[in-house]
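Colleague: I am sharing run-v1.txt, which consists of compact mmCIF, C-alpha atoms and all ligand atoms:
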# COMPACT_ATOMS: atom_id res chain seq x y z
CA MET P 1 0.00 0.00 0.00
CA SER P 2 1.56 3.30 -1.04
CA ASP P 3 1.90 6.07 1.57
CA THR P 4 -0.75 8.07 -0.33
CA THR P 5 -3.49 5.53 0.34
CA ILE P 6 -5.46 5.70 3.55
CA SER P 7 -6.71 2.43 4.97
CA LEU P 8 -10.11 2.06 6.61
CA SER P 9 -8.40 1.53 9.97
CA ARG P 10 -6.40 4.77 9.64
CA TRP P 11 -9.44 6.73 8.48
CA LEU P 12 -11.49 5.42 11.41
CA ILE P 13 -8.74 6.34 13.89
CA GLU P 14 -8.73 9.87 12.42
CA GLN P 15 -12.53 10.04 12.83
CA GLU P 16 -12.06 9.06 16.47
CA ARG P 17 -8.96 11.04 17.47
CA THR P 18 -8.84 14.04 15.11
CA HIS P 19 -12.52 14.73 14.57
CA GLY P 20 -14.03 13.19 17.70
CA HIS P 21 -16.82 11.81 15.52
CA ILE P 22 -16.88 8.34 17.09
CA PRO P 23 -15.74 6.61 20.28
CA GLY P 24 -13.13 3.85 20.14
CA SER P 25 -15.73 1.14 20.74
CA LEU P 26 -17.68 2.13 17.62
CA ARG P 27 -14.45 2.32 15.60
CA LEU P 28 -13.60 -1.23 16.64
CA LEU P 29 -17.13 -2.41 15.81
CA ILE P 30 -16.97 -0.98 12.29
CA GLU P 31 -13.57 -2.61 11.79
CA GLN P 32 -15.03 -5.98 12.85
CA VAL P 33 -17.94 -5.61 10.44
CA ALA P 34 -15.55 -4.68 7.62
CA ARG P 35 -13.39 -7.71 8.42
CA ALA P 36 -16.47 -9.93 8.21
CA CYS P 37 -17.42 -8.37 4.86
CA LYS P 38 -13.96 -9.23 3.51
CA ARG P 39 -14.53 -12.85 4.50
CA ILE P 40 -17.97 -12.84 2.88
CA SER P 41 -16.51 -11.28 -0.28
CA HIS P 42 -13.94 -14.06 -0.43
CA ALA P 43 -16.66 -16.73 -0.11
CA VAL P 44 -18.88 -15.05 -2.72
CA ASN P 45 -15.95 -14.74 -5.13
CA LYS P 46 -15.18 -18.44 -4.81
CA GLY P 47 -18.83 -19.31 -5.54
CA ALA P 48 -19.35 -22.49 -7.50
CA SER P 49 -15.64 -23.34 -7.40
CA ALA P 50 -16.07 -24.00 -3.67
CA GLY P 51 -19.39 -25.83 -3.95
CA ILE P 52 -21.19 -23.14 -1.92
CA MET P 53 -23.83 -22.16 -4.45
CA GLY P 54 -27.45 -23.22 -4.43
CA SER P 55 -30.03 -23.66 -1.71
CA ALA P 56 -29.22 -24.39 1.91
CA GLY P 57 -32.43 -26.45 2.05
CA SER P 58 -33.91 -24.16 4.72
CA GLU P 59 -36.16 -21.10 4.94
CA ASN P 60 -35.62 -17.84 6.84
CA ILE P 61 -38.16 -15.97 8.98
CA GLN P 62 -39.41 -14.31 5.83
CA GLY P 63 -40.34 -17.72 4.40
CA GLU P 64 -37.67 -17.30 1.74
CA VAL P 65 -35.48 -20.23 0.68
CA GLN P 66 -32.00 -19.62 2.10
CA LYS P 67 -28.98 -19.92 -0.15
CA LYS P 68 -25.87 -21.60 1.22
CA LEU P 69 -24.14 -18.23 0.97
CA ASP P 70 -26.94 -16.56 2.98
CA VAL P 71 -26.19 -18.94 5.85
CA ILE P 72 -22.41 -18.57 5.46
CA ALA P 73 -22.63 -14.75 5.42
CA ASN P 74 -24.90 -14.74 8.46
CA ASP P 75 -22.61 -17.07 10.41
CA VAL P 76 -19.53 -14.99 9.50
CA LEU P 77 -21.14 -11.78 10.79
CA LEU P 78 -22.38 -13.42 14.01
CA GLU P 79 -19.01 -15.02 14.78
CA ALA P 80 -16.96 -11.93 13.91
CA ASN P 81 -19.04 -9.61 16.08
CA GLU P 82 -20.00 -11.56 19.19
CA TRP P 83 -16.67 -11.64 21.09
CA GLY P 84 -15.41 -8.05 20.63
CA GLY P 85 -17.20 -6.50 23.61
CA HIS P 86 -18.81 -3.69 21.57
CA LEU P 87 -22.28 -5.20 21.17
CA ALA P 88 -25.20 -6.14 23.40
CA ALA P 89 -27.04 -8.01 20.64
CA MET P 90 -27.49 -8.47 16.91
CA ALA P 91 -30.50 -8.88 14.61
CA SER P 92 -30.38 -10.44 11.16
CA GLU P 93 -32.76 -10.92 8.26
CA GLU P 94 -31.82 -14.61 8.50
CA LEU P 95 -32.73 -14.99 12.19
CA GLU P 96 -36.26 -14.93 13.60
CA ARG P 97 -35.05 -13.75 17.01
CA ILE P 98 -32.28 -11.42 18.13
CA HIS P 99 -28.86 -12.89 18.89
CA VAL P 100 -27.92 -11.76 22.38
CA ILE P 101 -24.16 -11.71 23.05
CA PRO P 102 -23.38 -14.90 25.02
CA HIS P 103 -22.50 -14.44 28.71
CA ARG P 104 -18.99 -15.81 28.05
CA TYR P 105 -18.21 -12.56 26.23
CA PRO P 106 -18.30 -8.95 27.50
CA ARG P 107 -21.32 -6.97 26.36
CA GLY P 108 -21.12 -3.49 24.89
CA GLU P 109 -23.37 -0.51 24.22
CA TYR P 110 -24.32 -1.08 20.58
CA LEU P 111 -26.91 -3.05 18.66
CA LEU P 112 -26.00 -4.34 15.20
CA MET P 113 -28.57 -5.24 12.51
CA PHE P 114 -27.82 -6.64 9.12
CA ASP P 115 -29.04 -8.24 5.94
CA PRO P 116 -26.04 -10.53 5.54
CA LEU P 117 -26.39 -11.13 1.82
CA ASP P 118 -28.92 -8.87 0.16
CA GLY P 119 -29.96 -9.80 -3.36
CA SER P 120 -28.85 -13.40 -2.91
CA SER P 121 -31.43 -14.51 -5.48
CA ASN P 122 -28.90 -13.10 -7.96
CA ILE P 123 -26.02 -15.29 -6.82
CA GLU P 124 -26.45 -17.88 -9.59
CA VAL P 125 -26.39 -15.19 -12.27
CA ASN P 126 -23.23 -13.48 -10.99
CA VAL P 127 -24.87 -10.11 -10.32
CA THR P 128 -23.61 -7.71 -7.63
CA ILE P 129 -24.98 -8.56 -4.16
CA GLY P 130 -24.00 -7.24 -0.75
CA THR P 131 -24.20 -6.88 3.01
CA ILE P 132 -26.25 -4.06 4.55
CA PHE P 133 -25.70 -3.07 8.20
CA SER P 134 -27.02 -0.61 10.75
CA VAL P 135 -25.80 0.34 14.24
CA LEU P 136 -27.95 1.65 17.08
CA HIS P 137 -27.08 2.59 20.64
CA LEU P 138 -28.63 0.43 23.37
CA ALA P 139 -30.66 2.53 25.79
CA ASP P 140 -28.88 3.22 29.08
CA GLY P 141 -29.58 0.98 32.05
CA VAL P 142 -30.79 -2.05 30.07
CA SER P 143 -29.64 -5.27 31.74
CA GLU P 144 -31.63 -7.78 29.68
CA VAL P 145 -31.63 -6.74 25.99
CA GLY P 146 -34.73 -7.70 24.01
CA PRO P 147 -36.12 -7.13 20.50
CA GLU P 148 -37.94 -4.05 21.77
CA HIS P 149 -34.59 -2.28 22.19
CA PHE P 150 -34.02 -2.51 18.43
CA LEU P 151 -37.30 -0.72 17.69
CA GLN P 152 -35.80 2.77 17.32
CA PRO P 153 -36.49 5.20 14.45
CA GLY P 154 -33.77 5.17 11.78
CA ARG P 155 -32.70 8.71 12.70
CA GLN P 156 -31.23 7.16 15.86
CA GLN P 157 -28.63 5.16 13.90
CA VAL P 158 -25.04 5.96 14.93
CA ALA P 159 -23.58 4.27 11.82
CA ALA P 160 -24.83 2.55 8.67
CA GLY P 161 -23.36 1.10 5.53
CA TYR P 162 -23.19 -1.63 2.98
CA CYS P 163 -20.57 -3.69 1.21
CA THR P 164 -21.01 -4.62 -2.45
CA TYR P 165 -19.65 -7.89 -3.79
CA GLY P 166 -19.34 -7.09 -7.49
CA PRO P 167 -16.59 -6.03 -9.91
CA GLN P 168 -15.11 -4.37 -6.81
CA THR P 169 -15.73 -5.06 -3.16
CA THR P 170 -16.78 -1.60 -1.96
CA LEU P 171 -17.63 -0.47 1.57
CA VAL P 172 -19.92 2.59 1.72
CA LEU P 173 -20.16 4.00 5.23
CA THR P 174 -21.65 6.86 7.21
CA LEU P 175 -20.95 7.74 10.84
CA GLY P 176 -23.35 10.68 10.66
CA HIS P 177 -20.81 13.05 9.10
CA GLY P 178 -21.18 12.39 5.37
CA VAL P 179 -20.68 9.32 3.20
CA THR P 180 -17.29 7.71 2.62
CA VAL P 181 -16.33 4.98 0.14
CA PHE P 182 -13.61 2.37 0.58
CA THR P 183 -12.52 -0.20 -1.99
CA LEU P 184 -10.95 -3.54 -1.14
CA ASP P 185 -7.35 -3.67 -2.31
CA SER P 186 -7.15 -7.43 -2.72
CA SER P 187 -3.36 -7.31 -3.09
CA GLN P 188 -3.18 -5.94 0.46
CA GLY P 189 -6.40 -7.51 1.76
CA SER P 190 -7.50 -4.13 3.17
CA PHE P 191 -10.11 -1.48 2.41
CA VAL P 192 -8.59 1.76 1.14
CA LEU P 193 -10.25 5.18 1.01
CA THR P 194 -11.48 5.95 -2.51
CA GLN P 195 -14.05 8.72 -2.01
CA GLU P 196 -15.01 11.17 0.76
CA GLY P 197 -18.01 13.46 0.94
CA LEU P 198 -20.09 11.59 -1.64
CA ARG P 199 -23.04 13.74 -2.84
CA ILE P 200 -26.11 12.62 -4.81
CA PRO P 201 -27.02 15.01 -7.69
CA GLU P 202 -30.30 16.79 -6.88
CA SER P 203 -31.80 16.03 -10.29
CA THR P 204 -31.70 12.93 -12.43
CA ARG P 205 -32.97 11.30 -15.61
CA GLU P 206 -32.85 7.76 -14.27
CA PHE P 207 -35.44 5.83 -12.28
CA SER P 208 -35.13 2.36 -10.80
CA ILE P 209 -38.21 0.22 -10.19
CA ASN P 210 -39.51 -3.27 -11.04
CA MET P 211 -41.86 -2.27 -13.89
CA SER P 212 -43.60 -5.67 -13.89
CA ASN P 213 -45.51 -4.49 -10.82
CA LEU P 214 -46.92 -1.37 -12.54
CA ARG P 215 -50.57 -2.43 -12.38
CA HIS P 216 -50.27 -3.10 -8.62
CA TRP P 217 -48.89 0.31 -7.56
CA ALA P 218 -50.84 3.09 -5.85
CA PRO P 219 -51.90 5.98 -8.14
CA PRO P 220 -49.16 8.45 -7.05
CA VAL P 221 -46.43 6.00 -8.10
CA GLN P 222 -48.26 5.14 -11.33
CA ARG P 223 -48.56 8.88 -12.05
CA TYR P 224 -44.87 9.54 -11.38
CA ILE P 225 -43.62 6.64 -13.53
CA ASP P 226 -46.12 7.41 -16.32
CA GLU P 227 -44.81 10.99 -16.49
CA CYS P 228 -41.22 9.70 -16.65
CA LEU P 229 -42.23 7.39 -19.53
CA GLN P 230 -43.86 10.29 -21.42
CA GLY P 231 -40.39 11.80 -21.65
CA LYS P 232 -39.61 15.24 -23.12
CA ASP P 233 -43.06 15.59 -24.71
CA GLY P 234 -44.73 14.98 -21.34
CA PRO P 235 -45.07 17.09 -18.17
CA ARG P 236 -41.48 16.38 -17.09
CA GLY P 237 -40.06 17.86 -20.30
CA LYS P 238 -37.15 15.41 -20.37
CA ASP P 239 -36.52 11.79 -21.33
CA PHE P 240 -35.73 9.26 -18.60
CA ASN P 241 -33.69 6.06 -18.52
CA MET P 242 -34.53 3.02 -16.38
CA ARG P 243 -32.28 0.63 -14.50
CA TRP P 244 -33.36 -2.33 -12.31
CA VAL P 245 -30.72 -4.81 -11.12
CA GLY P 246 -33.00 -6.48 -8.59
CA SER P 247 -30.32 -6.24 -5.92
CA MET P 248 -30.88 -3.32 -3.55
CA VAL P 249 -27.20 -2.72 -2.81
CA ALA P 250 -26.43 -2.56 -6.54
CA ASP P 251 -29.34 -0.25 -7.35
CA VAL P 252 -28.74 2.05 -4.38
CA HIS P 253 -24.99 2.13 -5.04
CA ARG P 254 -25.71 3.38 -8.56
CA VAL P 255 -28.04 6.07 -7.15
CA LEU P 256 -25.34 7.19 -4.70
CA ALA P 257 -22.66 7.09 -7.41
CA ARG P 258 -24.47 9.00 -10.18
CA GLY P 259 -27.93 10.03 -8.95
CA GLY P 260 -31.31 8.53 -9.71
CA VAL P 261 -34.40 7.49 -7.81
CA PHE P 262 -34.90 3.98 -6.45
CA LEU P 263 -38.42 2.78 -5.64
CA TYR P 264 -39.85 -0.31 -4.03
CA PRO P 265 -43.31 1.05 -3.17
CA TRP P 266 -46.34 -0.49 -1.51
CA ASP P 267 -48.39 -2.50 -3.96
CA ARG P 268 -51.76 -4.21 -3.82
CA ARG P 269 -50.39 -7.74 -4.22
CA GLU P 270 -50.08 -7.81 -0.42
CA PRO P 271 -52.11 -4.76 0.71
CA ASP P 272 -51.45 -5.38 4.42
CA ARG P 273 -47.68 -5.17 3.81
CA ALA P 274 -46.09 -1.69 3.76
CA GLY P 275 -43.62 -2.82 1.10
CA LYS P 276 -41.17 -5.61 0.28
CA LEU P 277 -37.99 -4.21 1.85
CA ARG P 278 -37.29 -4.47 5.57
CA LEU P 279 -37.20 -1.32 7.63
CA LEU P 280 -34.52 -1.98 10.26
CA TYR P 281 -31.73 -3.51 8.15
CA GLU P 282 -32.49 -2.40 4.57
CA ALA P 283 -34.57 0.79 4.37
CA ASN P 284 -33.12 2.57 7.43
CA PRO P 285 -29.39 2.14 6.69
CA MET P 286 -29.89 3.05 3.03
CA ALA P 287 -32.05 6.04 3.98
CA LEU P 288 -29.37 7.36 6.34
CA LEU P 289 -26.68 7.01 3.66
CA VAL P 290 -28.86 8.76 1.06
CA GLU P 291 -29.75 11.65 3.39
CA GLN P 292 -26.11 11.99 4.46
CA ALA P 293 -25.26 12.30 0.74
CA GLY P 294 -27.81 15.11 0.26
CA GLY P 295 -30.66 12.97 -1.08
CA MET P 296 -34.13 12.15 0.27
CA ALA P 297 -35.64 8.88 1.49
CA MET P 298 -39.43 8.64 1.88
CA ALA P 299 -42.01 5.90 2.51
CA GLY P 300 -44.73 7.87 0.75
CA THR P 301 -45.49 11.03 2.69
CA GLU P 302 -43.37 9.97 5.69
CA ARG P 303 -39.58 10.24 6.02
CA ILE P 304 -38.23 6.69 6.37
CA LEU P 305 -35.92 7.69 9.21
CA ASP P 306 -38.90 8.94 11.24
CA ILE P 307 -40.87 5.68 11.10
CA GLN P 308 -41.36 4.25 14.60
CA PRO P 309 -40.73 0.49 14.21
CA THR P 310 -43.19 -1.91 15.84
CA SER P 311 -41.55 -5.23 14.95
CA LEU P 312 -38.07 -6.53 14.16
CA HIS P 313 -38.73 -7.66 10.58
CA GLN P 314 -41.35 -5.14 9.55
CA ARG P 315 -41.29 -3.86 6.00
CA ALA P 316 -41.47 -0.37 4.53
CA ALA P 317 -42.17 1.30 1.22
CA VAL P 318 -38.97 2.84 -0.14
CA MET P 319 -38.47 5.82 -2.48
CA LEU P 320 -34.97 7.26 -2.22
CA GLY P 321 -32.35 9.18 -4.18
CA SER P 322 -32.11 12.54 -5.96
CA SER P 323 -34.01 15.07 -3.87
CA GLU P 324 -35.97 16.70 -6.73
CA GLU P 325 -37.50 13.37 -7.75
CA VAL P 326 -38.26 12.11 -4.24
CA ALA P 327 -39.81 15.48 -3.33
CA LEU P 328 -42.08 15.18 -6.41
CA LEU P 329 -43.09 11.66 -5.37
CA GLN P 330 -43.84 12.93 -1.86
CA LYS P 331 -45.97 15.74 -3.37
CA TYR P 332 -47.96 13.26 -5.47
CA HIS P 333 -48.57 11.12 -2.37
CA GLN P 334 -49.70 14.17 -0.38
CA GLU P 335 -52.09 15.22 -3.17
CA ALA P 336 -53.59 11.71 -3.19
CA GLN P 337 -54.42 11.81 0.55
P1 LIG H 401 -37.99 -8.00 -7.02
C1 LIG H 401 -33.60 -8.88 -3.25
O1 LIG H 401 -34.38 -10.05 -3.14
C2 LIG H 401 -34.43 -7.72 -2.69
O2 LIG H 401 -34.72 -7.95 -1.35
C3 LIG H 401 -33.68 -6.41 -2.89
O3 LIG H 401 -32.32 -6.56 -2.84
C4 LIG H 401 -34.15 -5.96 -4.27
O4 LIG H 401 -34.15 -4.55 -4.42
C5 LIG H 401 -35.57 -6.51 -4.34
O5 LIG H 401 -35.64 -7.61 -3.43
C6 LIG H 401 -35.92 -7.00 -5.73
O6 LIG H 401 -37.28 -7.41 -5.68
O7 LIG H 401 -39.45 -8.07 -6.65
O8 LIG H 401 -37.72 -7.02 -8.14
O9 LIG H 401 -37.34 -9.33 -7.27
Output the file's structure as structure tokens, nothing else.
Modeller:
Amino acid sequence: MSDTTISLSRWLIEQERTHGHIPGSLRLLIEQVARACKRISHAVNKGASAGIMGSAGSENIQGEVQKKLDVIANDVLLEANEWGGHLAAMASEELERIHVIPHRYPRGEYLLMFDPLDGSSNIEVNVTIGTIFSVLHLADGVSEVGPEHFLQPGRQQVAAGYCTYGPQTTLVLTLGHGVTVFTLDSSQGSFVLTQEGLRIPESTREFSINMSNLRHWAPPVQRYIDECLQGKDGPRGKDFNMRWVGSMVADVHRVLARGGVFLYPWDRREPDRAGKLRLLYEANPMALLVEQAGGMAMAGTERILDIQPTSLHQRAAVMLGSSEEVALLQKYHQEAQ
């Protein structure tokens, strides 16, 4: 590593010592999560050559068939984070209940939530997937941590991020003071700083949504997408492009990297469900990153980060990205009330 590159560890130490942005315990937690993501990246990259593709023959709490790599990624994150002394408990998309730190280890002040391998349905087709994580502070004076302690609005997050396993292994992180990007230097086996102060362009010509659900959306979303499709001759006065990878980390990474608006809205296929994506370990961490990069993240008329969770695996509608577009979507939802 040349002396001009800054490793994740060095950057985190500077955030702690120079800027006072984080305490040492949170720095060490983020380093543990990053270390786990490197191990997951290595497993994902091996893929079929290591016989770890395909179904694990089990289902998760969501009733979804687990891939072998889902289980591997989940186990790596649990093992890497339970002995460090920074956490009181963890919650995972792959676990029905919270994972309380075993009594044989010291317990810390943070709660860690994660989707260990988001987009894993894309594993067999070699499309970018990733790990999404969120960190909350455990309320003071709690001796027995329970799922209720995780039910905090997303604005309470002290850190959030994701790691993409694609052409590069990229860690995108916020500690509440902007968005920073690190790229895995596989020759050194360490994350190196590649971008600071990431900003999402306020306007965009690119939307990201699964168009096959068009007939199921609520009218405000149908109106917004229809106007995009009308292009320069329509009310928006400009042509739009569409992208849909079907892997949230890949789609949101594109929005952070070049602007755009990502939507997974409520639809009438399951009217009692707020949306497909999970609030605590998908919508909230991504919403914090997007807002920290100058974008907006709404669940219709409500800011995602203000939603008061009522259950560990609850879902939320998600519309996030370039502020002009998300503000227009919010306006259409308000007009429809
Ligand atoms: P659909 C992956 O399964 C996921 O949870 C997100 O990563 C992704 O954005 C979404 O679902 C894709 O859903 O309905 O288009 O397959």
Colleague: Just give me the residues with any atom within 12 Å of (-21.4, -14.4, 7.2), file coordinates, counting only C-alpha atoms, written as a ChimeraX atom specification.
Modeller: /P:32-44,67-81,92-94,114-118,130-132
Colleague: So how many Å separate atom CA of P:His216 and atom O6 of ligand LIG 401 (chain H), to one decimal?
Modeller: 14.0 Å
Colleague: P:Glu324, P:Arg215, P:Gly63, P:Leu173: which is nearest P:Asp267, counting all atoms listed in the file?
Modeller: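 Among the listed residues, P:Arg215 lies closest to P:Asp267.
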Colleague: Just the number, please: distance in Å from atom CA of P:Val100 to atom CA of P:Ser120, one decimal.
Modeller: 25.4 Å
Colleague: As an MDAnalysis selection string, please: every protein or nucleic acid residue near ligand LIG 401 (chain H) (cut-off 8 Å, counting all atoms listed in the file).
Modeller: chainID P and resid 118:122 129 209:210 244:249 251 264 276:277
Colleague: Write a file of the just-selected residues containing C-alpha atoms, as a compact mmCIF listing (two decimals), keeping the file's coordinate frame.
Modeller:
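Saved file result.txt follows:
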# COMPACT_ATOMS: atom_id res chain seq x y z
CA ASP P 118 -28.92 -8.87 0.16
CA GLY P 119 -29.96 -9.80 -3.36
CA SER P 120 -28.85 -13.40 -2.91
CA SER P 121 -31.43 -14.51 -5.48
CA ASN P 122 -28.90 -13.10 -7.96
CA ILE P 129 -24.98 -8.56 -4.16
CA ILE P 209 -38.21 0.22 -10.19
CA ASN P 210 -39.51 -3.27 -11.04
CA TRP P 244 -33.36 -2.33 -12.31
CA VAL P 245 -30.72 -4.81 -11.12
CA GLY P 246 -33.00 -6.48 -8.59
CA SER P 247 -30.32 -6.24 -5.92
CA MET P 248 -30.88 -3.32 -3.55
CA VAL P 249 -27.20 -2.72 -2.81
CA ASP P 251 -29.34 -0.25 -7.35
CA TYR P 264 -39.85 -0.31 -4.03
CA LYS P 276 -41.17 -5.61 0.28
CA LEU P 277 -37.99 -4.21 1.85
Colleague: Which polymer residues have any atom within 9 Å of an atom of P:Arg303, counting only C-alpha atoms, with same-chain residues fewer than 6 positions away left out, as a short mmCIF file (atom, residue, chain, number, x, y, z; two decimals) with C-alpha atoms, keeping the file's coordinate frame?
Modeller:
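Wrote it out as result01.cif, contents follow:
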data_model
loop_
_atom_site.label_atom_id
_atom_site.label_comp_id
_atom_site.auth_asym_id
_atom_site.auth_seq_id
_atom_site.Cartn_x
_atom_site.Cartn_y
_atom_site.Cartn_z
CA ALA P 287 -32.05 6.04 3.98
CA MET P 296 -34.13 12.15 0.27
CA ALA P 297 -35.64 8.88 1.49
#
Colleague: At what distance in Å, to one decimal, does atom CA of P:Cys163 lie from atom CA of P:Met211?
Modeller: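 Separation of atom CA of P:Met211 and atom CA of P:Cys163: 26.1 Å.
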Colleague: Using all atoms listed in the file, which residues of stretch 113-219 of chain P come within 9 Å of stretch 14-27 of chain P, and what is the closest atom pair for each, with the distance in Å to one decimal? Give it as a Markdown table, sorted by chain and residue number.
Modeller:
| residue | atom | partner | partner_atom | distance |
| --- | --- | --- | --- | --- |
| P:Val135 | CA | P:Leu26 | CA | 9.0 |
| P:Val158 | CA | P:Leu26 | CA | 8.7 |
| P:Ala159 | CA | P:Leu26 | CA | 8.5 |
| P:Leu175 | CA | P:His21 | CA | 7.5 |
| P:Gly176 | CA | P:His21 | CA | 8.2 |
| P:His177 | CA | P:His21 | CA | 7.7 |
